[in-house]
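Below is one structure, written out as structure tokens; the observations come after it.
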Amino acid sequence: MGLFQPDTDIFQERDVLREDYQPKEIVGRDEELQQYISALQPVINGDQPANIFLYGKAGVGKTACTRYLLRELKDDAAEFDVDLTTIRTNCEDLSTSYQVAIQLINDLRDPEDHLKPTGYPRRQVNEWLWEELDAIGGTVIIVFDEVDHIDDDSILYQIPRARANGNLEKSKVGIIGISNDFKFRESLSSKVQSSLCEKELQFPAYNANELRDILRQRADIAFFDDVVPHEVIAKCAAFGAKDAGDARQSLDLLMEAGDVAVEQDATQVTVDHVDQARESLERSRIVDGVAGLTQQGHLVLYALLMLHEEGDTPIRARDVQDRYEIICGRAAVDPLVPRRMRDHLGELSMLGIASRTERNRGESGGRYYEYALDTNPDLLLDALDETVDMVGVTDAVQQRLDQEL
């Protein structure tokens, strides 16, 4: 018998739990889907498509709903003889309108005709883009996923107005912008807001009931019958709702719990497997997050960790700055100015290592943020122990480290 054998007890189709799986039906987003359908209605009528802006945290169904509705829209468009083309561009690695235009052109061209990333006049690139879009004809919907990564918004203004400005004759182009940043709209110029945000849809975090429905839908396909009991689904959903209302986190947790069950030769996934899976995922997230920080990021994290151990959090950034500068002195590193230090606190918040809470004390105190550790200190110390000697820490943290090592 070989070293590897097919799993016949737990997983039936494990990939159903992955982020890129597209379910045949969307659950937990009835109201948002109805609003989205209304926004897309002009396409079937043969009219100029509306420009739609979706925003909400990661894992709340924005991309899944978009894929689902565009798939349905293309099927219906074919039935009603509407010429429809959809283009999806992920802007995660694109920071300028110039780069986005180059990417769109290459998406529409054969590989042998692709443009280089740089080296062309901006005006020429725009002309090539209009040529490629107009060559398609009919209705064109461009999806910009993670649109908030674009630093300048000129392309978000030019594309919606391309037909009115005479740049397009045969194609009617609409944009769907998807953002995880609720405040991204505020950073757009007023002229872009009026065009890109013609229709706006907000996707709130999932609650526990919605997450249970999503997990049950996937589990019925991903696992063999009677492998995942109700209490397992409920616990994964509860963790997901508590963390951020993020369906991806809940699905990852369920998949990891299944993996734990396989490793232990179990015939059913249990709540104990969920607890073990959660600890494993949390440890991996922290290790990866800490490993990705710069040296200055580590110093800021040490400062926040010290303040947490001393019971001084939540705390304002200006007070973190004081401790951070002391640590920089011990490490013989020049400290950053407060604004740049706050950027690192923001990164820790984005990674889920720290939390950031806005406070409003009115006219007397103003508005400001308070920061606190949002991670199991023991797991964090495990991830940090290799760089402790470089920094130097307080007795409270050093004692914890000595117990861990």
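How things are named: the first chain in the structure tokens is A, the next is B, and so on; residues count from 1 in each chain; ligands count from 1 in the order shown.
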
- Task: Would you please extract all strand (DSSP E) residues from stretch 92-175 of chain A, as assigned by DSSP on the backbone, and give them as a PyMOL selection string?
- Result: chain A and resi 138-145+171-175

Using only C-alpha atoms, what table do you get, as CSV, when you list each residue of stretch 87-116 of chain A with an atom no more than 9 Å from stretch 121-133 of chain A, its nearest pair of atoms, and their distance in Å rounded to one decimal, rows by chain then rising number?
residue,atom,partner,partner_atom,distance
A:Tyr98,CA,A:Arg122,CA,6.8
A:Ala101,CA,A:Leu129,CA,6.6
A:Ile102,CA,A:Val125,CA,7.0
A:Leu104,CA,A:Leu129,CA,7.3
A:Ile105,CA,A:Leu129,CA,5.7
A:Leu108,CA,A:Glu132,CA,6.7
A:Arg109,CA,A:Glu132,CA,7.9

- Item | Nearest to A:Asp334 by atom-to-atom distance, counting only C-alpha atoms, from A:Ala354, A:Leu254, A:Ile150, A:Leu299 |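 Of A:Ala354, A:Leu254, A:Ile150, A:Leu299, the one nearest A:Asp334 is A:Leu299, counting only C-alpha atoms.
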
What are the nearest atom pairs, with distances in Å to one decimal, for all residues of stretch 17-66 of chain A that come at most 7 Å from stretch 163-180 of chain A, using only C-alpha atoms, set out by chain and rising residue number as CSV?
residue,atom,partner,partner_atom,distance
A:Gln48,CA,A:Lys172,CA,5.7
A:Pro49,CA,A:Gly174,CA,5.1
A:Ala50,CA,A:Gly174,CA,5.9
A:Asn51,CA,A:Ile175,CA,4.8
A:Ile52,CA,A:Ile176,CA,4.7
A:Phe53,CA,A:Gly177,CA,4.7
A:Leu54,CA,A:Ile178,CA,4.8
A:Tyr55,CA,A:Ser179,CA,4.8
A:Gly56,CA,A:Asn180,CA,5.1
A:Lys57,CA,A:Asn180,CA,4.7
A:Ala58,CA,A:Asn180,CA,5.7

- Query: If you measure from atom CA of A:Val269 to atom CA of A:Asp252, what distance in Å do you get, rounded to one decimal?
  - Reply: 14.1 Å

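If you measure from each of A:Met306, A:Ile159, A:Ala241, A:Ile142 to A:Ala205 using only C-alpha atoms, the closest one turns out to be A:Ala241.
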
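Residues in contact range of A:Thr270, defined as at most 12 Å between only C-alpha atoms, with sequence neighbours fewer than 5 positions away removed, read Ile10, Asp226, Val227, Val228, Pro229, His230, Glu231, Val232, Ile233, Ala234, Lys235, Cys236, Leu254, Glu256, Ala257, Gly258, Asp259, Val260, Ala261, Val262, Gln264, Asp275, Gln276 and Ala277 of chain A.
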
- Which of these residues is nearest to A:Ala39, using only C-alpha atoms: A:His149, A:Lys199, A:His298, A:Arg340?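 So, comparing all the options, the nearest one is A:Lys199.
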
- A:Ala317 surroundings by only C-alpha atoms, 12 Å radius, close-in-sequence under 5 positions cut, as number ranges by chain: A: 300, 303-304, 307, 322-324, 337-346, 356-358, 368-372

- Item | Every residue of stretch 107-343 of chain A that DSSP places in helix (DSSP H, G or I), as a PyMOL selection string | chain A and resi 107-108+111-113+122-136+147-149+154-158+184-187+190-196+208-222+230-243+247-263+271-291+295-309+317-331+338-343

- Message: Can you measure atom CA of A:Asp181 to atom CA of A:Lys242 for me? One decimal in Å is fine.
- Response: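 Value for the atom CA of A:Asp181-atom CA of A:Lys242 distance: 19.8 Å.
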
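For the choices A:Leu115, A:Phe203, A:Ser95, A:Arg218, the atom-to-atom distance to A:Tyr21 is smallest for A:Arg218 when using only C-alpha atoms.
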
- Item | One-decimal distance in Å that lies between atom CA of A:Asp151 and atom CA of A:Pro111 | 27.2 Å
